[in-house]
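Visitor: First the structure, which I've put down as structure tokens, then a few questions once you've had a look.
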Amino acid sequence: MLYGRGAEQERIRRLLEGAREGASSALVIHGEAGIGKTALLGYAADLAAPGRVLRTVGIESEMELAFGGLHGLLTPVADHVDRLPRPQAAALRAAFGLSGEAVGDRLALAVAVLTCLSQAARGSSLLCLIDDAQWLDQASLDALTFAARRLHSQGVVMLFALRDSVPGGQITGLARLRLPGIDSAAAEALLTDRVADLSPNARGQIVEQAQGNPLALLELPTALTAEQRAGRLNPVTLPAGPGSPTSRIQETFQEQLRRLPDATRAMLLVAAADDSGGLDLVLRASTRFGATVEDLEPAERATLIVLTEDTLSFRHPLIRSVTYQDTPLARRLAAHRALADALGDTMPGDQQADRRAWHLAAATTGTDEQVADAMVSVARRAGGRQGTASASAAYERAAQLTTVPARRARLLASAAFTSAEAGQFHRTAALTDRINALALDPAMLADFARVRAIVELDRGTPHQATRILLECMDRLASSADLAPVLAEAVSTAQSSGDRSLMSEVGSRIPASSRHSIARVMADPGGTGSGYPRRPAPARDAGFAERILAGTYGRLVADHHTALELAAACVRDCRDHDVVGWLPTSLHLLAEAQLSLGLHEEAQATATEGLAVAEQFGRNHRAAYLRGTLATLAALRGDQEHCTGLGDRALRYADAHGIELAAAHAHRALGLLGLGLGQVEDALSHLEAAGARVEHPLLSARLLPDLVEAAIRAGQPDRAKQPALALAAWAQAAGHPAAAALSERCQAVTGLDDQTEQHFTTALHLHGEGSAQLFERARTELLYGEWLRRERRRTHARHQLHAALETFEGLGAQPWASRARTELQASGGAADLGGSANTAISRLSPQEREVVRLAATGATNREIAAQLFLSPRTVGHHLYRAFPKLGINSRTELAQALDGPWSG
């Protein structure tokens with residue numbers, strides 16, 4: 001029976017009832033130690049159908065062992081692995097060490113977990129319990145939360161128990177339930193029912209000191225003598241005052257443990273030092289202390305541990321913690337040495353090499369080159385399995401064990417690199433402060449400078465980050481080592497908006513074709529004779545150069561190239577577990593999708609990017625992503641979200657000197673005003689955006705909006721200079737998409753008598769593969785408005801109808817409303833209902849992909865393999881899509897999709 005948890009129990013009961021109806025859900029239950037998280041998981045397990053519960057628990061000593069928690073959860077359903085699509089099955093086998101292969105695709109592994117859970121739930125509901133998630137290894141936690149965020153109609157419930165105020169276990173994107181302390185009435189009832197021999201005075205003091213913590217209510221009385229329980233002496237011997245319940249619970253456990261025989265405590269220490277759950281390992285290691293299985297009986301009788309034929313577990317994680325921390329250092333070292341010896345005696349080889357190495361490292365107090373070598377091997381294996389957080393920890397421990405200063409610097413640098421890749425940027429910052437840069441070779445020095453710059457971007461300003469990179473560039477002689485540093489320096493200098501800083505970076509760039517794009521992007525002067533066409537990064541280019549090339553493609557209106565490069569970067573981030581570059585790659589991808597009119601895709605990409613940036617503390621990139629999401633909100637006419645995101649991005653950008661991000665936010669707010677007809681406000685924001693960035697490549701994207709806002713505000717003089725700058729940019733860029741925007745702006749400014757020629761040329765250029773759906777529709781709208789003013793209503797209706805159809809399909813409601821008003825004023829009908837394209841526009845992006853593949857005759861299983869979904873989810877999407885399309889079966893899909901969209 002649970003006391004004071006009626007509301008929480010009801011919420012869990014509803015989740016399980018929904019699962020029996022096919023609905024999936026996930027919930028993070030969090031609170032302080034002993035507050036009742038594990039008890040609620042037990043309640044859920046009791047409600048679930050027999051045999052339909054999977055469990056795993058995070059273990060503090062195993063946090064650095066990648067995929068251990070995942071293995072614990074999925075072992076009971078391991079037979080489902082053979083039924084998975086081949087790439088997913090291979091990834092799961094590799095993660096569990098069954099194939100000897102490295103995990104080559106992190107996304108495939110995460111999807112394999114999702115598919116495996118979906119298959120295990122087939123025919124009934126399934127409950128997954130993840131206890132002590134704060135101590136789960138990061139690789140397992142990432143895969144499980146990925147699955148939890150994507151469950152829909154599989155009938156799976158995932159409950160995570162997470163302890164507050166403990167490093168690790170950051171979970172975002174899931175519903176949360178915080179457990180407060182139970183009220184005094186519930187606390188009194190718990191004590192009355194469970195601890196019968198307490199006097200009223202003793203009970204009152206226990207209730208007061210426990211502060212609503214159920215475990216404290218049960219454990220604090222165990223430290224009292226009979227006299228204290230009866231109230232004849234001071235009933236509570238624990239410290240009074242505002243100390244946390246956790247500290248008092250720990251003291252209670254300490255007292256219980258100190259009453260045990262020495263041999264029993266020695267065995268518990270061995271179990272606490274490793275706690276793999278294997279009784280056999282504990283027994284073999286404990287023989288070094290002369291202990292046997294019989295010595296566990298006192299701990300078992302005291303209910304401190306739970307034993308089965310082959311497992312040993314502590315009744316509560318705090319017991320394990322107290323057992324280890326309350327033991328002198330020499331005994332802890334001996335326990336780790338005994339475990340390493342036991343692992344080496346009977347289980348040699350790679351399967352246990354990592355575990356043995358960690359115990360050897362824990363048993364070493366000084367330096368030891370052999371153990372350092374073993375930890376480097378652990379790091380390399382962890383990196384190969386994509387456990388970058390584990391790899392970083394292993395490199396750091398190896399650095400502590402080596403006696404060679406230069407090697408220590410290199411190992412600390414490796415720890416910093418891998419921690420940045422894992423997204424542990426606070427840890428990266430601490431590691432960089434400990435590194436002697438003078439001991440690094442040029443290649444490592446370049447990486448070190450880039451890591452320092454990344455840390456500075458999120459803690460300080462892009463100006464200082466650029467200074468760090470410039471200092472490194474001055475020390476590097478090799479062009480190959482210089483390339484990624486240059487790419488980073490150009491990007492950070494542009495973020496700063498400092499023209500002199502951009503020029504300083506440009507002056508360091510060698511005269512090499514490899515750096516042509518960097519030279520153009522670092523030159524704050526004019527457009528010159530033209531920009532290089534189609535950026536092609538070197539074959540050995542890293543993320544920094546590829547991102548810079550993709551950014552350049554977007555800035556010169558080569559959006560398809562930007563999309564290709566961004567998508568490749570995102571794919572590589574996922575494949576190689578490079579979380580540190582993922583927010584930047586996702587931001588570039590979202591911007592490319594937005595430029596091409598793929599608004600739904602851009603929304604999903606930017607939302608993911610912001611979630612990742614916030615989760616890993618990438619505050620600099622988060623400001624840009626909020627600008628992208630604000631732009632998308634502006635196009636939808638969502639004023640509340642646009643202003644909220646834009647204002648937040650502006651506040652952060654202004655506080656940290658990120659002028660380019662500030663310009664993006666101003667542009668989003670300007671677009672909002674332009675769409676809603678608030679043209680004076682729009683003009684103000686767009687001119688403010690232009691003032692933040694003076695580089696012609698960076699300001700070009702603002703100019704079409706600025707020209708239109710000035711003309712609509714009746715301020716044509718304020719449109720002339722932007723129109724001329726846009727024409728110069730378009731000529732230098734040499735891309736049809738850029739020329740189309742310039743022609744449109746020349747048409748609306750009316751600087752010559754060729755207005756219609758400019759409009760028709762713009763539409764022709766829009767059609768030459770640029771695929772800028774939104775921008776083409778804006779040209780059609782402006783052209784239609786001009787035609788209507790010229791009293792050419794028939795021609796106007798054609799343009800306005802086309803614009804309206806595109807705006808409706810994109811969900812750009814303010815622009816659609818404007819087109820609809822103009823169309824009605826020209827005597828046209830604005831009803832687009834009944835068309836196939838309109839029906840399809842009602843589908844979600846995921847439903848569109850499922851329907852498209854189903855129309856080709858692909859089975860649900862084949863579709864699931866292509867889209868990384870479960871077959872059951874595919875069926876759910878089809879079930880939802882058929883009514884929207886006005887059909888009843890798959891056989892009608894081909895006909896329903898016959899039209900422009902299907903191509």
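Going by the structure tokens order, chains are called A, B, ..., each with residues numbered from 1, while ligands are numbered from 1 in the order shown.
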Skip Ala747 in chain A itself and residues of its chain fewer than 6 positions away, then list as an NGL selection string all residues within 9 Å of it, counting only C-alpha atoms.
Guide: :A and (753-759 or 783)
Visitor: Might you pull out every residue within 12 Å of Ala633 in chain A, with only C-alpha atoms counted and same-chain residues fewer than 2 positions away left off, and present them as a short mmCIF file (atom, residue, chain, number, x, y, z; two decimals) with all heavy atoms, in the first residue's frame?
Guide:
data_model
loop_
_atom_site.label_atom_id
_atom_site.label_comp_id
_atom_site.auth_asym_id
_atom_site.auth_seq_id
_atom_site.Cartn_x
_atom_site.Cartn_y
_atom_site.Cartn_z
N LEU A 594 13.76 25.39 -45.01
CA LEU A 594 12.93 26.59 -44.99
C LEU A 594 13.07 27.38 -46.30
O LEU A 594 12.09 27.84 -46.88
CB LEU A 594 13.32 27.46 -43.80
CG LEU A 594 12.66 28.84 -43.65
CD1 LEU A 594 11.15 28.71 -43.60
CD2 LEU A 594 13.19 29.54 -42.40
N HIS A 599 8.39 23.63 -45.23
CA HIS A 599 8.16 24.22 -43.92
C HIS A 599 7.91 23.18 -42.84
O HIS A 599 8.41 23.33 -41.71
CB HIS A 599 6.99 25.20 -43.99
CG HIS A 599 7.29 26.43 -44.79
ND1 HIS A 599 6.41 27.48 -44.91
CD2 HIS A 599 8.38 26.77 -45.52
CE1 HIS A 599 6.95 28.42 -45.68
NE2 HIS A 599 8.14 28.00 -46.07
N GLU A 600 7.15 22.15 -43.13
CA GLU A 600 6.88 21.14 -42.11
C GLU A 600 8.17 20.41 -41.74
O GLU A 600 8.42 20.13 -40.56
CB GLU A 600 5.84 20.15 -42.61
CG GLU A 600 4.43 20.72 -42.71
CD GLU A 600 3.41 19.68 -43.11
OE1 GLU A 600 3.82 18.62 -43.64
OE2 GLU A 600 2.22 19.92 -42.90
N ALA A 602 11.20 21.62 -42.03
CA ALA A 602 12.03 22.58 -41.30
C ALA A 602 11.59 22.71 -39.86
O ALA A 602 12.42 22.81 -38.94
CB ALA A 602 11.99 23.94 -41.99
N GLN A 603 10.27 22.70 -39.63
CA GLN A 603 9.76 22.80 -38.27
C GLN A 603 10.23 21.60 -37.43
O GLN A 603 10.70 21.77 -36.30
CB GLN A 603 8.22 22.83 -38.30
CG GLN A 603 7.56 22.92 -36.93
CD GLN A 603 7.70 24.29 -36.29
OE1 GLN A 603 7.71 25.30 -36.98
NE2 GLN A 603 7.79 24.33 -34.97
N ALA A 606 14.18 21.88 -36.91
CA ALA A 606 14.58 22.93 -35.98
C ALA A 606 14.13 22.62 -34.55
O ALA A 606 14.84 22.92 -33.59
CB ALA A 606 14.00 24.28 -36.42
N THR A 607 12.97 22.00 -34.42
CA THR A 607 12.49 21.62 -33.08
C THR A 607 13.43 20.60 -32.46
O THR A 607 13.79 20.71 -31.27
CB THR A 607 11.07 21.05 -33.17
OG1 THR A 607 10.20 22.05 -33.70
CG2 THR A 607 10.57 20.62 -31.80
N ARG A 626 16.14 29.22 -32.29
CA ARG A 626 14.91 29.95 -31.92
C ARG A 626 14.56 30.96 -33.00
O ARG A 626 13.37 31.19 -33.28
CB ARG A 626 15.10 30.64 -30.57
CG ARG A 626 15.15 29.68 -29.39
CD ARG A 626 15.05 30.40 -28.05
NE ARG A 626 15.17 29.42 -26.97
CZ ARG A 626 16.30 29.12 -26.35
NH1 ARG A 626 17.42 29.76 -26.67
NH2 ARG A 626 16.34 28.20 -25.41
N GLY A 627 15.56 31.56 -33.63
CA GLY A 627 15.28 32.46 -34.75
C GLY A 627 14.63 31.73 -35.91
O GLY A 627 13.71 32.24 -36.55
N THR A 628 15.11 30.52 -36.20
CA THR A 628 14.51 29.73 -37.28
C THR A 628 13.06 29.37 -36.95
O THR A 628 12.17 29.50 -37.79
CB THR A 628 15.32 28.44 -37.50
OG1 THR A 628 16.68 28.79 -37.81
CG2 THR A 628 14.74 27.62 -38.64
N LEU A 629 12.83 28.92 -35.73
CA LEU A 629 11.46 28.56 -35.33
C LEU A 629 10.56 29.79 -35.28
O LEU A 629 9.37 29.71 -35.58
CB LEU A 629 11.49 27.86 -33.97
CG LEU A 629 12.07 26.44 -33.99
CD1 LEU A 629 12.33 25.93 -32.59
CD2 LEU A 629 11.12 25.49 -34.72
N ALA A 630 11.12 30.94 -34.91
CA ALA A 630 10.34 32.18 -34.92
C ALA A 630 9.95 32.54 -36.35
O ALA A 630 8.83 33.01 -36.60
CB ALA A 630 11.14 33.31 -34.28
N THR A 631 10.85 32.32 -37.30
CA THR A 631 10.53 32.59 -38.70
C THR A 631 9.40 31.71 -39.19
O THR A 631 8.46 32.17 -39.86
CB THR A 631 11.79 32.36 -39.57
OG1 THR A 631 12.83 33.23 -39.12
CG2 THR A 631 11.49 32.65 -41.03
N LEU A 635 5.61 32.82 -40.51
CA LEU A 635 4.97 32.44 -41.77
C LEU A 635 3.59 31.83 -41.53
O LEU A 635 2.70 31.96 -42.36
CB LEU A 635 5.87 31.44 -42.52
CG LEU A 635 7.24 31.99 -42.92
CD1 LEU A 635 8.05 30.92 -43.63
CD2 LEU A 635 7.10 33.22 -43.79
N ARG A 636 3.42 31.18 -40.39
CA ARG A 636 2.10 30.63 -40.05
C ARG A 636 1.16 31.69 -39.49
O ARG A 636 -0.03 31.44 -39.32
CB ARG A 636 2.23 29.51 -38.99
CG ARG A 636 3.01 28.29 -39.45
CD ARG A 636 2.83 27.15 -38.43
NE ARG A 636 3.17 27.54 -37.08
CZ ARG A 636 4.38 27.42 -36.55
NH1 ARG A 636 5.38 26.95 -37.28
NH2 ARG A 636 4.61 27.80 -35.30
N GLY A 637 1.71 32.83 -39.13
CA GLY A 637 0.91 33.87 -38.49
C GLY A 637 0.71 33.64 -37.01
O GLY A 637 -0.20 34.21 -36.40
N ASP A 638 1.56 32.82 -36.40
CA ASP A 638 1.46 32.50 -34.98
C ASP A 638 2.22 33.59 -34.20
O ASP A 638 3.41 33.46 -33.90
CB ASP A 638 2.05 31.12 -34.72
CG ASP A 638 1.82 30.64 -33.30
OD1 ASP A 638 1.52 31.47 -32.42
OD2 ASP A 638 1.93 29.42 -33.06
N GLN A 639 1.50 34.64 -33.88
CA GLN A 639 2.14 35.80 -33.30
C GLN A 639 2.73 35.51 -31.92
O GLN A 639 3.84 35.95 -31.59
CB GLN A 639 1.13 36.95 -33.18
CG GLN A 639 1.74 38.27 -32.76
CD GLN A 639 0.77 39.43 -32.97
OE1 GLN A 639 -0.37 39.23 -33.37
NE2 GLN A 639 1.22 40.64 -32.70
N GLU A 640 2.03 34.74 -31.11
CA GLU A 640 2.49 34.47 -29.75
C GLU A 640 3.83 33.72 -29.76
O GLU A 640 4.78 34.10 -29.06
CB GLU A 640 1.44 33.65 -28.99
CG GLU A 640 1.84 33.33 -27.56
CD GLU A 640 0.77 32.53 -26.83
OE1 GLU A 640 -0.31 32.31 -27.42
OE2 GLU A 640 1.02 32.12 -25.69
N HIS A 641 3.89 32.65 -30.56
CA HIS A 641 5.13 31.87 -30.59
C HIS A 641 6.26 32.64 -31.27
O HIS A 641 7.42 32.55 -30.84
CB HIS A 641 4.90 30.53 -31.31
CG HIS A 641 4.25 29.50 -30.45
ND1 HIS A 641 2.88 29.33 -30.40
CD2 HIS A 641 4.77 28.60 -29.58
CE1 HIS A 641 2.60 28.36 -29.55
NE2 HIS A 641 3.72 27.90 -29.04
N CYS A 642 5.94 33.38 -32.31
CA CYS A 642 6.98 34.13 -33.00
C CYS A 642 7.61 35.17 -32.08
O CYS A 642 8.84 35.25 -31.98
CB CYS A 642 6.39 34.80 -34.24
SG CYS A 642 7.61 35.77 -35.16
N THR A 643 6.80 35.94 -31.42
CA THR A 643 7.35 36.98 -30.55
C THR A 643 8.07 36.38 -29.35
O THR A 643 9.11 36.88 -28.92
CB THR A 643 6.25 37.94 -30.08
OG1 THR A 643 5.19 37.19 -29.45
CG2 THR A 643 5.68 38.72 -31.24
N GLY A 644 7.52 35.28 -28.80
CA GLY A 644 8.18 34.65 -27.66
C GLY A 644 9.56 34.12 -28.02
O GLY A 644 10.55 34.38 -27.32
N LEU A 645 9.64 33.40 -29.14
CA LEU A 645 10.92 32.86 -29.59
C LEU A 645 11.87 33.96 -30.02
O LEU A 645 13.06 33.95 -29.68
CB LEU A 645 10.69 31.88 -30.73
CG LEU A 645 10.05 30.54 -30.38
CD1 LEU A 645 9.49 29.87 -31.63
CD2 LEU A 645 11.07 29.63 -29.70
N GLY A 646 11.35 34.92 -30.79
CA GLY A 646 12.19 36.00 -31.28
C GLY A 646 12.75 36.86 -30.17
O GLY A 646 13.94 37.20 -30.16
N ALA A 665 16.63 36.95 -35.60
CA ALA A 665 15.43 37.15 -34.78
C ALA A 665 14.66 38.37 -35.26
O ALA A 665 13.42 38.35 -35.35
CB ALA A 665 15.83 37.30 -33.31
N ALA A 668 12.72 37.51 -38.34
CA ALA A 668 11.50 36.75 -38.06
C ALA A 668 10.38 37.67 -37.61
O ALA A 668 9.22 37.55 -38.06
CB ALA A 668 11.78 35.70 -36.99
N LEU A 669 10.70 38.61 -36.74
CA LEU A 669 9.68 39.55 -36.26
C LEU A 669 9.23 40.47 -37.39
O LEU A 669 8.06 40.87 -37.45
CB LEU A 669 10.24 40.36 -35.09
CG LEU A 669 10.57 39.52 -33.84
CD1 LEU A 669 11.37 40.33 -32.83
CD2 LEU A 669 9.29 38.99 -33.20
N GLY A 670 10.15 40.81 -38.31
CA GLY A 670 9.76 41.62 -39.45
C GLY A 670 8.84 40.87 -40.39
O GLY A 670 7.86 41.44 -40.92
N LEU A 671 9.12 39.59 -40.63
CA LEU A 671 8.23 38.78 -41.46
C LEU A 671 6.84 38.66 -40.85
O LEU A 671 5.84 38.65 -41.56
CB LEU A 671 8.83 37.38 -41.64
CG LEU A 671 9.72 37.15 -42.87
CD1 LEU A 671 10.27 35.74 -42.84
CD2 LEU A 671 8.94 37.39 -44.15
N LEU A 672 6.80 38.54 -39.52
CA LEU A 672 5.50 38.47 -38.85
C LEU A 672 4.70 39.73 -39.15
O LEU A 672 3.51 39.66 -39.52
CB LEU A 672 5.70 38.31 -37.34
CG LEU A 672 4.42 38.29 -36.50
CD1 LEU A 672 3.62 37.03 -36.78
CD2 LEU A 672 4.75 38.40 -35.01
N GLY A 673 5.32 40.88 -38.99
CA GLY A 673 4.62 42.13 -39.27
C GLY A 673 4.22 42.25 -40.73
O GLY A 673 3.12 42.72 -41.05
N GLY A 675 3.51 39.82 -42.81
CA GLY A 675 2.39 38.92 -43.08
C GLY A 675 1.09 39.42 -42.51
O GLY A 675 0.02 39.25 -43.11
N LEU A 810 1.36 25.35 -47.65
CA LEU A 810 2.46 25.57 -46.72
C LEU A 810 1.98 25.94 -45.32
O LEU A 810 2.79 26.02 -44.39
CB LEU A 810 3.39 26.67 -47.24
CG LEU A 810 4.17 26.35 -48.52
CD1 LEU A 810 4.92 27.59 -48.99
CD2 LEU A 810 5.14 25.21 -48.28
N GLY A 811 0.69 26.21 -45.18
CA GLY A 811 0.18 26.65 -43.89
C GLY A 811 0.53 28.09 -43.57
O GLY A 811 0.51 28.49 -42.40
N ALA A 812 0.87 28.88 -44.60
CA ALA A 812 1.23 30.29 -44.41
C ALA A 812 -0.06 31.12 -44.41
O ALA A 812 -0.39 31.80 -45.40
CB ALA A 812 2.18 30.75 -45.51
N GLN A 813 -0.79 31.07 -43.32
CA GLN A 813 -2.14 31.62 -43.28
C GLN A 813 -2.23 33.12 -43.52
O GLN A 813 -3.12 33.58 -44.23
CB GLN A 813 -2.81 31.25 -41.96
CG GLN A 813 -3.10 29.75 -41.81
CD GLN A 813 -3.86 29.19 -42.99
OE1 GLN A 813 -4.79 29.83 -43.51
NE2 GLN A 813 -3.47 28.01 -43.45
N PRO A 814 -1.35 33.96 -42.95
CA PRO A 814 -1.47 35.40 -43.24
C PRO A 814 -1.32 35.70 -44.72
O PRO A 814 -2.02 36.55 -45.27
CB PRO A 814 -0.33 36.02 -42.43
CG PRO A 814 -0.02 35.02 -41.38
CD PRO A 814 -0.27 33.69 -41.99
#
Visitor: With DSSP run on the backbone, what are the strand (DSSP E or B) residues within range 234-409 of chain A? I'd like them as a PyMOL selection string.
Guide: chain A and resi 278+305-307+311-314
Visitor: Set the distance at 8 Å and use only C-alpha atoms: which residues neighbour Ala623 in chain A once local chain neighbours fewer than 6 positions away are removed? I'd like the list as a list in words.
Guide: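 With the cut-off at 8 Å, the set is Arg648, Ala649, Leu650, Tyr652, Ala653 and Ala661 of chain A.
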Visitor: What would the file look like if the residues just selected were written as a JSON list (two decimals), in the first residue's frame with N, CA, C and O atoms?
Guide:
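Contents of out16.json, freshly written:
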[["chain", "number", "residue", "atom", "x", "y", "z"],
["A", 648, "ARG", "N", 13.21, 36.01, -27.04],
["A", 648, "ARG", "CA", 14.18, 35.24, -26.25],
["A", 648, "ARG", "C", 15.52, 35.15, -26.98],
["A", 648, "ARG", "O", 16.59, 35.28, -26.37],
["A", 649, "ALA", "N", 15.46, 34.91, -28.28],
["A", 649, "ALA", "CA", 16.69, 34.86, -29.07],
["A", 649, "ALA", "C", 17.41, 36.21, -29.03],
["A", 649, "ALA", "O", 18.64, 36.27, -28.90],
["A", 650, "LEU", "N", 16.66, 37.30, -29.13],
["A", 650, "LEU", "CA", 17.27, 38.63, -29.10],
["A", 650, "LEU", "C", 17.94, 38.92, -27.76],
["A", 650, "LEU", "O", 19.05, 39.46, -27.72],
["A", 652, "TYR", "N", 19.22, 36.84, -25.59],
["A", 652, "TYR", "CA", 20.47, 36.10, -25.44],
["A", 652, "TYR", "C", 21.53, 36.64, -26.39],
["A", 652, "TYR", "O", 22.70, 36.81, -26.02],
["A", 653, "ALA", "N", 21.15, 36.91, -27.63],
["A", 653, "ALA", "CA", 22.12, 37.41, -28.61],
["A", 653, "ALA", "C", 22.71, 38.75, -28.18],
["A", 653, "ALA", "O", 23.92, 38.97, -28.30],
["A", 661, "ALA", "N", 22.77, 36.20, -34.95],
["A", 661, "ALA", "CA", 21.55, 35.60, -34.39],
["A", 661, "ALA", "C", 20.52, 36.68, -34.10],
["A", 661, "ALA", "O", 19.31, 36.46, -34.28]]
Visitor: Please identify all polymer residues within 7 Å of Gly212 in chain A, counting only C-alpha atoms, omitting same-chain residues fewer than 6 positions from it, and present them as a JSON list (two decimals) with all heavy atoms, in the first residue's frame.
Guide:
[["chain", "number", "residue", "atom", "x", "y", "z"],
["A", 181, "GLY", "N", 7.10, 15.53, -0.98],
["A", 181, "GLY", "CA", 6.91, 14.75, 0.24],
["A", 181, "GLY", "C", 5.44, 14.52, 0.52],
["A", 181, "GLY", "O", 4.59, 15.35, 0.15],
["A", 182, "ILE", "N", 5.12, 13.40, 1.15],
["A", 182, "ILE", "CA", 3.71, 13.14, 1.49],
["A", 182, "ILE", "C", 3.32, 14.04, 2.66],
["A", 182, "ILE", "O", 4.17, 14.50, 3.43],
["A", 182, "ILE", "CB", 3.48, 11.66, 1.82],
["A", 182, "ILE", "CG1", 4.32, 11.23, 3.03],
["A", 182, "ILE", "CG2", 3.82, 10.79, 0.62],
["A", 182, "ILE", "CD1", 4.06, 9.78, 3.47],
["A", 183, "ASP", "N", 2.03, 14.30, 2.80],
["A", 183, "ASP", "CA", 1.59, 15.22, 3.85],
["A", 183, "ASP", "C", 1.65, 14.54, 5.22],
["A", 183, "ASP", "O", 1.86, 13.33, 5.34],
["A", 183, "ASP", "CB", 0.19, 15.75, 3.56],
["A", 183, "ASP", "CG", -0.87, 14.65, 3.44],
["A", 183, "ASP", "OD1", -0.74, 13.61, 4.12],
["A", 183, "ASP", "OD2", -1.82, 14.84, 2.66],
["A", 184, "SER", "N", 1.48, 15.33, 6.26],
["A", 184, "SER", "CA", 1.65, 14.80, 7.63],
["A", 184, "SER", "C", 0.64, 13.72, 7.96],
["A", 184, "SER", "O", 0.95, 12.76, 8.68],
["A", 184, "SER", "CB", 1.56, 15.95, 8.65],
["A", 184, "SER", "OG", 0.30, 16.62, 8.53],
["A", 187, "ALA", "N", 1.90, 10.62, 6.44],
["A", 187, "ALA", "CA", 3.09, 10.18, 7.16],
["A", 187, "ALA", "C", 2.71, 9.52, 8.48],
["A", 187, "ALA", "O", 3.27, 8.47, 8.85],
["A", 187, "ALA", "CB", 4.01, 11.38, 7.42]]
Visitor: Out of A:Pro298, A:Gly580, A:Gly277, A:Gly72, which residue has the shortest atom-to-atom distance to Leu312 in chain A when counting only C-alpha atoms?
Guide: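 The closest residue to Leu312 in chain A is A:Gly277.
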Visitor: Do you have the CA of Glu775 in chain A-CA of Arg789 in chain A distance handy?
Guide: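 Interatomic distance here is 21.3 Å.
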Visitor: Counting only C-alpha atoms, which residues of range 344-449 of chain A sit at most 9 Å from some atom of range 461-472 of chain A, and what is each one's closest atom pair with its distance in Å to one decimal, listed by chain and rising residue number, as JSON lines?
Guide:
{"residue": "A:Leu445", "atom": "CA", "partner": "A:Cys472", "partner_atom": "CA", "distance": 7.4}
{"residue": "A:Ala446", "atom": "CA", "partner": "A:Cys472", "partner_atom": "CA", "distance": 6.7}
{"residue": "A:Ala449", "atom": "CA", "partner": "A:Leu469", "partner_atom": "CA", "distance": 5.9}
Visitor: Would you export the selected residues with C-alpha atoms as an mmCIF file, in the first residue's frame, please?
Guide:
data_model
loop_
_atom_site.group_PDB
_atom_site.id
_atom_site.type_symbol
_atom_site.label_atom_id
_atom_site.label_comp_id
_atom_site.auth_asym_id
_atom_site.auth_seq_id
_atom_site.Cartn_x
_atom_site.Cartn_y
_atom_site.Cartn_z
ATOM 1 C CA LEU A 445 46.480 21.840 -31.063
ATOM 2 C CA ALA A 446 44.006 22.662 -33.823
ATOM 3 C CA ALA A 449 41.621 25.417 -30.048
#
Visitor: Please list as a list in words every residue within 12 Å of Leu751 in chain A, counting only C-alpha atoms and excluding residues in the same chain fewer than 4 positions away.
Guide: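 These residues fall inside the cut-off: Ile711, Pro716, Asp717, Ala719, Lys720, Gln721, Ala723, Leu724, Glu743, Arg744, Cys745, Gln746, Ala747, Thr755 and His758 of chain A.
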Visitor: Using only C-alpha atoms, which of the listed residues (A:Ala557, A:Leu625, A:Leu41, A:Leu893) sits closest to Trp729 in chain A?
Guide: A:Ala557
Visitor: Hey, can you check how far CA of Phe289 in chain A sits from CA of Tyr324 in chain A?
Guide: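 Rounded to one decimal, the two atoms are 16.0 Å apart.
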Visitor: Compile the contact shell of Ser125 in chain A as number ranges by chain: residues with an atom at most 10 Å away, counting only C-alpha atoms, same-chain residues fewer than 3 positions apart removed.
Guide: A: 16-24, 48-49, 52-53, 118, 120-122, 154-157
Visitor: Measuring between only C-alpha atoms, which one of A:Glu64, A:Asp82, A:Glu790, A:Glu708 shows the shortest distance to Ala379 in chain A?
Guide: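 Going through A:Glu64, A:Asp82, A:Glu790, A:Glu708 one by one, the smallest distance to Ala379 in chain A is for A:Glu64.
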Visitor: Pick from A:Gln352, A:Ser500, A:Gln134, A:Gln325: nearest to Asp164 in chain A, with only C-alpha atoms counted?
Guide: A:Gln134
Visitor: Grab the CA of Thr327 in chain A to CA of Gly290 in chain A distance for me, in Å with one decimal place.
Guide: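 Calculated distance between CA of Thr327 in chain A and CA of Gly290 in chain A is 17.8 Å.
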Visitor: Please identify which residues in range 511-721 of chain A DSSP calls alpha helix (DSSP H) from the backbone, and express them as a ChimeraX atom specification.
Guide: /A:516-522,543-555,559-576,582-595,599-615,619-636,639-656,659-676,679-692,696-699,703-712,717-721
